[in-house]
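The file protein.csv contains CSV, C-alpha atoms:
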```csv
chain,number,residue,atom,x,y,z
A,102,MET,CA,101.4,90.4,124.8
A,103,LEU,CA,104.6,92.3,124.3
A,104,ASN,CA,108.1,91.1,124.2
A,105,ASN,CA,110.8,93.6,124.8
A,106,ILE,CA,113.7,91.8,123.3
A,107,ALA,CA,116.1,92.8,120.5
A,108,ALA,CA,115.4,90.4,117.8
A,109,LEU,CA,115.9,89.6,114.2
A,110,LEU,CA,112.4,89.7,112.7
A,111,ASP,CA,113.0,90.3,109.1
A,112,SER,CA,113.2,87.4,106.7
A,113,GLY,CA,116.6,88.6,105.5
A,114,ALA,CA,118.0,91.7,107.0
A,115,VAL,CA,119.1,92.3,110.5
A,116,ALA,CA,116.7,94.7,112.3
A,117,ALA,CA,116.7,96.1,115.7
A,118,VAL,CA,113.1,95.5,116.7
A,119,GLY,CA,111.3,95.6,120.0
A,120,ASP,CA,107.9,94.0,120.2
A,121,TYR,CA,106.8,91.0,118.1
A,122,GLU,CA,103.4,89.5,118.7
A,123,SER,CA,101.3,86.7,117.4
A,124,ILE,CA,98.1,88.0,115.9
A,125,ALA,CA,96.5,84.8,114.6
A,126,THR,CA,97.2,81.4,113.2
A,127,ALA,CA,95.2,79.5,110.6
A,128,ASN,CA,95.5,75.9,109.6
A,129,GLY,CA,94.4,74.2,106.5
A,130,THR,CA,91.2,72.1,106.7
A,131,GLY,CA,91.6,70.0,103.6
A,132,SER,CA,88.3,71.3,102.3
A,133,SER,CA,89.0,75.0,101.6
A,134,GLY,CA,91.5,76.7,99.5
A,135,VAL,CA,91.2,80.0,101.2
A,136,ILE,CA,92.6,81.2,104.5
A,137,THR,CA,91.7,84.6,105.7
A,138,PHE,CA,93.0,86.8,108.4
A,139,SER,CA,90.3,89.4,109.1
A,140,SER,CA,90.1,92.4,111.5
A,141,ILE,CA,93.8,92.9,111.4
A,142,PRO,CA,94.5,95.7,113.8
A,143,SER,CA,96.4,98.7,112.7
A,144,THR,CA,98.4,98.9,115.9
A,145,TYR,CA,101.5,97.4,114.5
A,146,LYS,CA,104.2,98.9,112.2
A,147,HIS,CA,104.7,95.8,110.1
A,148,ILE,CA,103.2,92.4,109.7
A,149,GLN,CA,104.8,89.0,108.9
A,150,ILE,CA,103.4,85.7,107.7
A,151,ARG,CA,105.3,82.5,108.5
A,152,TYR,CA,104.1,79.3,106.9
A,153,ILE,CA,104.4,75.8,105.7
A,154,ALA,CA,101.8,75.0,103.0
A,155,ARG,CA,100.6,72.4,100.6
A,156,SER,CA,97.6,72.3,98.4
A,157,THR,CA,95.5,69.2,97.5
A,158,SER,CA,95.9,70.2,93.9
A,159,GLY,CA,98.0,72.8,92.1
A,160,ALA,CA,100.9,74.4,94.0
A,161,ASP,CA,101.3,78.0,95.1
A,162,GLY,CA,98.9,80.6,96.5
A,163,PHE,CA,98.0,84.2,95.8
A,164,ILE,CA,97.3,87.0,98.3
A,165,THR,CA,94.2,89.1,98.4
A,166,LEU,CA,94.4,92.4,100.4
A,167,ASN,CA,91.1,93.8,101.7
A,168,GLY,CA,89.2,91.5,99.5
A,169,SER,CA,90.6,92.7,96.2
A,170,THR,CA,93.1,91.1,93.9
A,171,SER,CA,93.0,94.0,91.4
A,172,ALA,CA,96.1,95.9,90.4
A,173,SER,CA,98.7,93.5,91.7
A,174,ARG,CA,102.1,92.9,90.2
A,175,ARG,CA,105.0,90.7,91.2
A,176,HIS,CA,108.7,90.6,90.3
A,177,TRP,CA,110.9,87.7,91.3
A,178,VAL,CA,114.4,86.2,91.2
A,179,SER,CA,114.6,82.5,91.6
A,180,GLY,CA,116.9,79.5,91.4
A,181,ASP,CA,116.0,76.0,90.4
A,182,GLY,CA,119.2,74.2,91.2
A,183,SER,CA,120.9,74.8,87.9
A,184,SER,CA,120.2,78.3,86.9
A,185,ALA,CA,118.9,81.6,88.2
A,186,GLY,CA,116.3,83.8,86.6
A,187,ALA,CA,114.2,86.9,87.1
A,188,ALA,CA,110.8,87.9,85.7
A,189,SER,CA,107.6,89.8,86.4
A,190,ASP,CA,103.9,89.6,85.7
A,191,ALA,CA,100.6,91.1,86.8
A,192,LEU,CA,99.6,88.3,89.2
A,193,GLY,CA,99.5,88.0,93.0
A,194,TYR,CA,101.0,84.6,93.4
A,195,VAL,CA,103.7,85.3,95.9
A,196,VAL,CA,103.2,82.3,98.2
A,197,PRO,CA,105.3,79.3,97.0
A,198,THR,CA,103.8,76.1,98.3
A,199,ALA,CA,103.8,72.4,97.6
A,200,GLY,CA,101.0,70.7,95.6
A,201,SER,CA,99.5,67.3,94.9
A,202,SER,CA,102.3,66.4,92.5
A,203,ASP,CA,104.9,66.6,95.2
A,204,ALA,CA,106.0,63.6,97.2
A,205,ALA,CA,104.1,63.0,100.4
A,206,ASN,CA,105.1,65.0,103.4
A,207,ILE,CA,106.9,67.7,101.4
A,208,MET,CA,105.7,71.3,102.2
A,209,GLY,CA,106.5,74.7,100.8
A,210,VAL,CA,108.0,77.0,103.3
A,211,GLY,CA,108.3,80.8,103.5
A,212,VAL,CA,108.2,84.1,105.3
A,213,ILE,CA,106.3,87.1,103.9
A,214,ASP,CA,106.8,90.6,105.2
A,215,ILE,CA,104.5,93.5,104.6
A,216,LEU,CA,106.1,96.7,105.9
A,217,ASP,CA,104.0,99.7,106.8
A,218,TYR,CA,100.8,97.7,106.1
A,219,ALA,CA,98.6,100.3,107.8
A,220,ASP,CA,100.1,103.4,106.2
A,221,THR,CA,97.5,105.1,104.0
A,222,ASN,CA,100.1,107.1,102.1
A,223,LYS,CA,101.8,104.2,100.5
A,224,ASN,CA,100.9,101.4,98.1
A,225,LYS,CA,101.4,98.0,99.7
A,226,VAL,CA,104.3,95.8,99.0
A,227,THR,CA,104.9,92.2,100.0
A,228,ARG,CA,108.3,90.6,100.3
A,229,THR,CA,108.5,86.8,100.1
A,230,LEU,CA,111.4,84.5,100.9
A,231,GLY,CA,110.2,81.1,100.1
A,232,GLY,CA,110.7,77.8,98.2
A,233,ILE,CA,110.5,74.1,98.2
A,234,ASP,CA,113.1,71.5,97.9
A,235,ARG,CA,112.1,68.0,96.7
A,236,ASN,CA,115.5,66.2,97.0
A,237,GLY,CA,116.4,66.5,93.4
A,238,SER,CA,114.1,69.3,92.2
A,239,GLY,CA,112.6,72.4,93.6
A,240,TYR,CA,113.4,76.1,93.8
A,241,VAL,CA,114.1,79.0,96.1
A,242,ILE,CA,112.6,82.4,95.3
A,243,LEU,CA,112.4,86.0,96.3
A,244,PHE,CA,109.2,87.8,95.4
A,245,SER,CA,108.4,91.4,95.5
A,246,GLY,CA,104.6,92.0,95.2
A,247,LEU,CA,102.9,95.3,94.6
A,248,TRP,CA,99.3,96.1,95.3
A,249,ILE,CA,98.1,99.5,94.1
A,250,THR,CA,96.2,100.5,97.1
A,251,THR,CA,96.9,103.0,99.9
A,252,SER,CA,94.3,101.5,102.1
A,253,ALA,CA,95.4,100.1,105.4
A,254,ILE,CA,95.4,96.3,105.3
A,255,SER,CA,92.6,95.1,107.5
A,256,SER,CA,92.1,91.7,106.0
A,257,LEU,CA,94.4,89.3,104.1
A,258,SER,CA,93.5,86.1,102.3
A,259,ILE,CA,95.8,83.4,101.0
A,260,THR,CA,94.2,81.3,98.3
A,261,ALA,CA,95.5,78.1,96.8
A,262,ALA,CA,96.0,78.2,93.0
A,263,SER,CA,93.7,75.2,92.9
A,264,GLY,CA,92.3,72.7,95.4
A,265,SER,CA,92.4,73.1,99.2
A,266,TRP,CA,95.0,73.7,101.8
A,267,ASN,CA,95.8,70.4,103.3
A,268,THR,CA,95.6,69.8,107.1
A,269,ALA,CA,99.3,70.2,107.6
A,270,THR,CA,99.2,73.7,106.3
A,271,THR,CA,99.8,76.5,108.7
A,272,PHE,CA,99.9,80.2,108.2
A,273,ALA,CA,100.8,82.3,111.2
A,274,LEU,CA,100.4,86.1,111.2
A,275,TYR,CA,102.6,88.3,113.4
A,276,GLY,CA,102.7,92.0,114.2
A,277,VAL,CA,105.9,94.0,114.7
A,278,LYS,CA,105.6,97.1,116.8
B,185,MET,CA,102.1,84.4,129.6
B,186,ALA,CA,104.7,82.9,127.3
B,187,LYS,CA,106.7,85.2,125.1
B,188,THR,CA,106.1,85.2,121.3
B,189,TYR,CA,109.7,85.5,120.3
B,190,GLU,CA,112.6,84.7,122.6
B,191,PRO,CA,116.1,83.4,122.6
B,192,ILE,CA,116.5,79.7,123.4
B,193,ALA,CA,120.3,79.5,123.5
B,194,THR,CA,123.4,81.3,122.2
B,195,THR,CA,127.0,80.4,121.7
B,196,THR,CA,130.0,82.6,121.0
B,197,LEU,CA,133.1,80.7,120.2
B,198,GLY,CA,136.1,81.5,122.4
B,199,SER,CA,138.3,79.3,120.3
B,200,VAL,CA,138.0,77.6,117.0
B,201,ALA,CA,135.6,74.8,116.8
B,202,SER,CA,134.5,72.3,114.2
B,203,SER,CA,130.8,72.4,115.2
B,204,VAL,CA,128.2,73.9,117.5
B,205,THR,CA,125.3,71.9,118.8
B,206,PHE,CA,121.9,73.0,120.1
B,207,SER,CA,120.4,70.0,121.9
B,208,SER,CA,117.3,69.3,124.0
B,209,ILE,CA,115.2,71.6,121.9
B,210,THR,CA,111.7,71.4,123.3
B,211,GLY,CA,108.4,71.6,121.4
B,212,THR,CA,107.4,74.7,123.2
B,213,TYR,CA,107.4,77.0,120.1
B,214,THR,CA,105.9,77.0,116.7
B,215,ASP,CA,109.0,77.9,114.7
B,216,LEU,CA,112.7,78.1,115.2
B,217,LEU,CA,115.0,80.8,113.9
B,218,LEU,CA,118.7,80.2,113.8
B,219,VAL,CA,120.9,83.3,113.5
B,220,ILE,CA,124.6,82.9,112.8
B,221,ALA,CA,127.5,85.1,112.1
B,222,VAL,CA,130.5,83.0,111.3
B,223,LYS,CA,133.8,82.7,109.5
B,224,GLN,CA,136.2,79.9,108.9
B,225,SER,CA,139.6,79.6,110.5
B,226,GLY,CA,141.2,78.1,107.4
B,227,THR,CA,140.7,77.2,103.8
B,228,PRO,CA,139.3,75.8,101.5
B,229,GLN,CA,136.1,77.7,101.8
B,230,ARG,CA,133.1,75.7,102.8
B,231,TRP,CA,129.4,76.2,102.9
B,232,THR,CA,127.9,76.2,106.4
B,233,SER,CA,125.6,73.2,106.9
B,234,ILE,CA,123.3,71.6,109.4
B,235,ARG,CA,122.5,68.1,110.7
B,236,LEU,CA,119.3,67.6,112.6
B,237,ASN,CA,118.4,65.2,115.3
B,238,SER,CA,121.9,63.6,115.0
B,239,ASP,CA,120.6,61.9,111.8
B,240,SER,CA,123.7,61.2,109.6
B,241,GLY,CA,121.6,59.4,107.0
B,242,THR,CA,121.4,60.8,103.4
B,243,ASN,CA,118.2,62.6,104.2
B,244,TYR,CA,119.1,66.2,103.4
B,245,SER,CA,118.9,68.2,100.3
B,246,TYR,CA,118.8,71.9,99.3
B,247,THR,CA,118.4,74.3,96.5
B,248,SER,CA,120.3,77.6,96.5
B,249,LEU,CA,120.2,81.0,94.7
B,250,GLU,CA,123.2,83.1,94.9
B,251,GLY,CA,124.8,86.2,93.4
B,252,ASN,CA,128.5,87.0,93.2
B,253,GLY,CA,128.5,90.6,92.0
B,254,SER,CA,128.5,89.8,88.3
B,255,THR,CA,126.2,86.8,87.8
B,256,ALA,CA,123.4,85.0,89.6
B,257,GLY,CA,123.4,81.2,89.9
B,258,SER,CA,121.6,78.3,91.5
B,259,TYR,CA,123.0,75.1,92.9
B,260,ARG,CA,121.5,71.9,94.4
B,261,GLU,CA,122.7,68.9,96.3
B,262,SER,CA,120.5,65.9,97.1
B,263,ASN,CA,120.8,62.8,99.3
B,264,GLN,CA,123.3,64.5,101.6
B,265,THR,CA,124.3,63.7,105.2
B,266,ARG,CA,123.9,67.4,106.0
B,267,GLY,CA,122.2,70.4,104.4
B,268,ALA,CA,123.6,73.8,103.5
B,269,ILE,CA,122.3,76.8,105.3
B,270,ASN,CA,124.7,79.5,104.2
B,271,PHE,CA,127.3,80.4,101.6
B,272,LYS,CA,131.1,79.9,101.8
B,273,THR,CA,133.0,82.1,104.3
B,274,SER,CA,136.7,82.4,104.6
B,275,PRO,CA,139.3,83.3,107.3
B,276,THR,CA,138.8,87.0,106.4
B,277,ASP,CA,135.1,87.2,105.4
B,278,TRP,CA,132.2,86.9,107.8
B,279,GLY,CA,129.0,85.3,106.7
B,280,GLN,CA,125.7,86.0,108.4
B,281,ASN,CA,122.3,84.3,107.9
B,282,THR,CA,118.9,83.6,109.3
B,283,VAL,CA,117.4,80.1,109.0
B,284,HIS,CA,113.7,79.6,109.5
B,285,PHE,CA,112.3,76.2,110.5
B,286,GLN,CA,108.5,76.4,110.4
B,287,ASN,CA,106.4,74.0,112.5
B,288,TYR,CA,109.6,72.2,113.5
B,289,SER,CA,107.9,70.0,116.1
B,290,ASN,CA,105.1,68.5,114.0
B,291,THR,CA,105.4,64.8,113.3
B,292,THR,CA,103.4,64.6,110.0
B,293,THR,CA,105.6,66.5,107.5
B,294,PHE,CA,109.2,66.5,106.4
B,295,LYS,CA,111.0,69.4,107.8
B,296,SER,CA,111.9,72.3,105.6
B,297,TRP,CA,114.0,75.3,106.1
B,298,ILE,CA,114.3,78.6,104.3
B,299,SER,CA,117.5,80.6,104.7
B,300,ARG,CA,118.7,84.0,103.7
B,301,GLY,CA,122.3,84.7,104.2
B,302,ASP,CA,125.5,86.2,102.8
B,303,ALA,CA,129.2,85.9,102.9
B,304,ALA,CA,131.3,89.1,102.6
B,305,ALA,CA,133.4,87.9,99.7
B,306,GLN,CA,130.9,85.7,98.0
B,307,GLY,CA,127.6,87.6,98.0
B,308,PRO,CA,124.0,86.9,99.0
B,309,VAL,CA,122.3,83.6,99.1
B,310,ALA,CA,118.9,82.1,99.6
B,311,ILE,CA,118.4,78.4,100.4
B,312,ALA,CA,115.4,76.1,100.5
B,313,GLY,CA,116.3,73.0,102.4
B,314,LEU,CA,114.7,69.6,103.1
B,315,TYR,CA,115.2,67.1,105.9
B,316,ARG,CA,113.3,64.0,104.9
B,317,SER,CA,112.0,63.0,108.3
B,318,THR,CA,108.7,63.5,110.1
B,319,SER,CA,110.4,63.6,113.5
B,320,ALA,CA,110.2,66.8,115.5
B,321,ILE,CA,113.5,68.7,115.5
B,322,THR,CA,115.1,68.3,118.9
B,323,SER,CA,118.8,69.0,118.1
B,324,MET,CA,120.9,70.9,115.5
B,325,LEU,CA,124.6,70.3,114.7
B,326,ILE,CA,126.1,73.2,112.7
B,327,THR,CA,129.3,72.5,110.9
B,328,LEU,CA,131.2,73.4,107.7
B,329,GLU,CA,130.8,71.1,104.8
B,330,GLY,CA,133.6,68.7,104.1
B,331,SER,CA,136.0,67.9,106.9
B,332,GLY,CA,138.9,69.5,108.6
B,333,GLN,CA,137.5,73.0,108.7
B,334,ASN,CA,136.7,75.0,111.8
B,335,PHE,CA,134.6,78.0,112.7
B,336,ASP,CA,136.8,80.8,113.9
B,337,THR,CA,136.9,82.5,117.3
B,338,GLY,CA,134.1,85.1,117.7
B,339,SER,CA,131.6,83.2,115.5
B,340,THR,CA,128.1,83.4,117.0
B,341,PHE,CA,125.2,81.1,116.9
B,342,THR,CA,121.8,82.0,118.4
B,343,LEU,CA,118.6,79.9,118.3
B,344,TYR,CA,115.3,81.7,118.8
B,345,GLY,CA,111.8,80.3,119.4
B,346,ILE,CA,108.7,81.9,117.9
B,347,LYS,CA,105.3,80.9,119.3
B,348,ALA,CA,102.1,81.5,117.4
B,349,ALA,CA,98.7,82.2,119.0
```

Write out the structure in this file as structure tokens.
Amino acid sequence: MLNNIAALLDSGAVAAVGDYESIATANGTGSSGVITFSSIPSTYKHIQIRYIARSTSGADGFITLNGSTSASRRHWVSGDGSSAGAASDALGYVVPTAGSSDAANIMGVGVIDILDYADTNKNKVTRTLGGIDRNGSGYVILFSGLWITTSAISSLSITAASGSWNTATTFALYGVK
Amino acid sequence: MAKTYEPIATTTLGSVASSVTFSSITGTYTDLLLVIAVKQSGTPQRWTSIRLNSDSGTNYSYTSLEGNGSTAGSYRESNQTRGAINFKTSPTDWGQNTVHFQNYSNTTTFKSWISRGDAAAQGPVAIAGLYRSTSAITSMLITLEGSGQNFDTGSTFTLYGIKAA
């Protein structure tokens, strides 16, 4: 299904884009901490994940590309309501979510873009705009994630740091032509 | 077959206005995306804010991250009657931003938004916002914080719907 409209598809910048399609949607079950999009076609230029998420235990999720978490790295800049900071480490946690310690009904929210996801000449980079506000605490964050692999992304998993994705969790995968 | 991504409504101000409202938002889509390009007609400078479902209770909060060209900072407001979605503009500086409302029509979670914006004289900003209501979002009132300030002529407001498979 193609939509030929000029639209703003990027999580931050304005982009003149034509087609934007829904590839798949996955909802939390309350009994699994892993959501996987498999058999992702290479027919798009970019992919985007839009989500609200909450774990039954610890907050946040990490991304696995093509079944491998090796050689990942992330940099981020964030604000917690009083100060801003930036850091990096060798982890793939680029999916800010709510967890069991958050008040009921509060969800993490975000948009993750993976540009040129099927290009076999480039390492893969994820870009996250996400956060969680708890009415008195919380944070907003920009992640840049790096995966040292030039393989086209054909499967992508989002795994809770601990516990399961609750039933209000939704991850929706879109393709941008 | 329904479109995945389409404009729901758009408004371009032909004269200054204190607010813009999108009402009768249906539950047809999965997410909403609000795209605005605005500036104020006067001072003092104000954040752009939103009120949902005509709810004027103190049910809004947000956390921001911003940079001004020399330092980065973060700010928060809680228990507000509106929530910020973009940085301060001015009579000479436009601000643009995109505000994402994921799963806006579910009735089991509080509604969150994530916003990425900028104001020409202020810098970039990212905002995580919270509306403590499980009601589906059916209307949006976009204003400037405080009172007595207006959006200037030419300010644009467009609401898109995104529909997942």

Residue contacts of range 278-289 of chain B (7 Å, all atoms listed in the file) excluding same-chain residues fewer than 3 positions away, as a list in words: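 The residues satisfying every condition are Gly113, Tyr152 and Ile153 of chain A; Gly211, Thr214, Asp215, Leu216, Leu217, Leu218, Val219, Ile220, Ala221, Val222, Lys223, Ile269, Asn270, Thr273, Lys295, Ser296, Trp297, Ile298, Ser299, Arg300, Gly301, Asp302, Ala303, Ala304, Ala320 and Ile321 of chain B.
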
Chain A residues near chain B (7 Å cut-off, all atoms listed in the file) as a PyMOL selection string: chain A and resi 104+113+121-126+152-153+179-185+206-207+210-211+231-234+236-237+239-241+273

Among listed residues A:Ala262, A:Val277, A:Ile254, A:Ala269, nearest Asn128 in chain A (using all atoms listed in the file): A:Ala269

Coordinates-based distance that separates CA of Leu236 in chain B from CA of Ile209 in chain B (Å, one decimal):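 Taking CA of Ile209 in chain B and CA of Leu236 in chain B, their separation equals 10.9 Å.
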
Separation of CA of Leu192 in chain A from CA of Ser263 in chain A in Å: 14.8 Å

Proximity to Ile148 in chain A - best of A:Tyr218, A:Trp266, A:Phe244, A:Phe272, all atoms listed in the file: A:Tyr218

Pairwise distance for CA of Tyr145 in chain A and CA of Ala261 in chain A, rounded to one decimal in Å: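 Spanning CA of Tyr145 in chain A to CA of Ala261 in chain A is a straight-line distance of 26.9 Å.
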
Surrounding residues of Gly134 in chain A excluding itself and chain neighbours under 2 positions, 8 Å, only C-alpha atoms, as a VMD selection string: chain A and resid 129 131 to 132 136 156 260 to 261 263 to 266

Exercise: residues within 12 Å of coordinate (104.3, 94.7, 95.8), counting all atoms listed in the file, as a VMD selection string: chain A and resid 164 to 166 170 172 to 177 189 to 195 213 to 216 218 223 to 229 243 to 251

Please fill the gaps in range 321-336 of chain B so it has N, CA and C atoms, and write that as a PDB file, keeping the file's coordinate frame.
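Full text of selection.pdb as output:
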```
ATOM      1  N   ILE B 321     112.087  68.297 115.361  1.00  0.00           N
ATOM      2  CA  ILE B 321     113.500  68.700 115.500  1.00  0.00           C
ATOM      3  C   ILE B 321     113.801  68.918 116.966  1.00  0.00           C
ATOM      4  N   THR B 322     114.752  68.165 117.456  1.00  0.00           N
ATOM      5  CA  THR B 322     115.100  68.300 118.900  1.00  0.00           C
ATOM      6  C   THR B 322     116.600  68.699 119.038  1.00  0.00           C
ATOM      7  N   SER B 323     117.378  68.609 117.965  1.00  0.00           N
ATOM      8  CA  SER B 323     118.800  69.000 118.100  1.00  0.00           C
ATOM      9  C   SER B 323     119.282  69.515 116.714  1.00  0.00           C
ATOM     10  N   MET B 324     120.267  70.382 116.747  1.00  0.00           N
ATOM     11  CA  MET B 324     120.900  70.900 115.500  1.00  0.00           C
ATOM     12  C   MET B 324     122.419  70.859 115.719  1.00  0.00           C
ATOM     13  N   LEU B 325     123.092  70.309 114.730  1.00  0.00           N
ATOM     14  CA  LEU B 325     124.600  70.300 114.700  1.00  0.00           C
ATOM     15  C   LEU B 325     124.956  71.203 113.502  1.00  0.00           C
ATOM     16  N   ILE B 326     125.669  72.275 113.785  1.00  0.00           N
ATOM     17  CA  ILE B 326     126.100  73.200 112.700  1.00  0.00           C
ATOM     18  C   ILE B 326     127.545  73.047 112.474  1.00  0.00           C
ATOM     19  N   THR B 327     127.870  72.769 111.228  1.00  0.00           N
ATOM     20  CA  THR B 327     129.300  72.500 110.900  1.00  0.00           C
ATOM     21  C   THR B 327     129.574  73.195 109.526  1.00  0.00           C
ATOM     22  N   LEU B 328     130.811  73.048 109.101  1.00  0.00           N
ATOM     23  CA  LEU B 328     131.200  73.400 107.700  1.00  0.00           C
ATOM     24  C   LEU B 328     131.185  72.147 106.905  1.00  0.00           C
ATOM     25  N   GLU B 329     130.810  72.286 105.634  1.00  0.00           N
ATOM     26  CA  GLU B 329     130.800  71.100 104.800  1.00  0.00           C
ATOM     27  C   GLU B 329     132.202  70.561 104.607  1.00  0.00           C
ATOM     28  N   GLY B 330     132.272  69.302 104.230  1.00  0.00           N
ATOM     29  CA  GLY B 330     133.600  68.700 104.100  1.00  0.00           C
ATOM     30  C   GLY B 330     134.109  68.310 105.474  1.00  0.00           C
ATOM     31  N   SER B 331     135.412  68.256 105.583  1.00  0.00           N
ATOM     32  CA  SER B 331     136.000  67.900 106.900  1.00  0.00           C
ATOM     33  C   SER B 331     137.263  68.730 107.070  1.00  0.00           C
ATOM     34  N   GLY B 332     137.650  68.833 108.318  1.00  0.00           N
ATOM     35  CA  GLY B 332     138.900  69.500 108.600  1.00  0.00           C
ATOM     36  C   GLY B 332     138.843  70.996 108.745  1.00  0.00           C
ATOM     37  N   GLN B 333     137.627  71.563 108.625  1.00  0.00           N
ATOM     38  CA  GLN B 333     137.500  73.000 108.700  1.00  0.00           C
ATOM     39  C   GLN B 333     136.817  73.399 110.029  1.00  0.00           C
ATOM     40  N   ASN B 334     137.213  74.560 110.538  1.00  0.00           N
ATOM     41  CA  ASN B 334     136.700  75.000 111.800  1.00  0.00           C
ATOM     42  C   ASN B 334     136.043  76.406 111.673  1.00  0.00           C
ATOM     43  N   PHE B 335     135.073  76.660 112.545  1.00  0.00           N
ATOM     44  CA  PHE B 335     134.600  78.000 112.700  1.00  0.00           C
ATOM     45  C   PHE B 335     135.592  78.784 113.565  1.00  0.00           C
ATOM     46  N   ASP B 336     135.762  80.052 113.232  1.00  0.00           N
ATOM     47  CA  ASP B 336     136.800  80.800 113.900  1.00  0.00           C
ATOM     48  C   ASP B 336     136.269  81.426 115.228  1.00  0.00           C
TER      49      ASP B 336
END
```
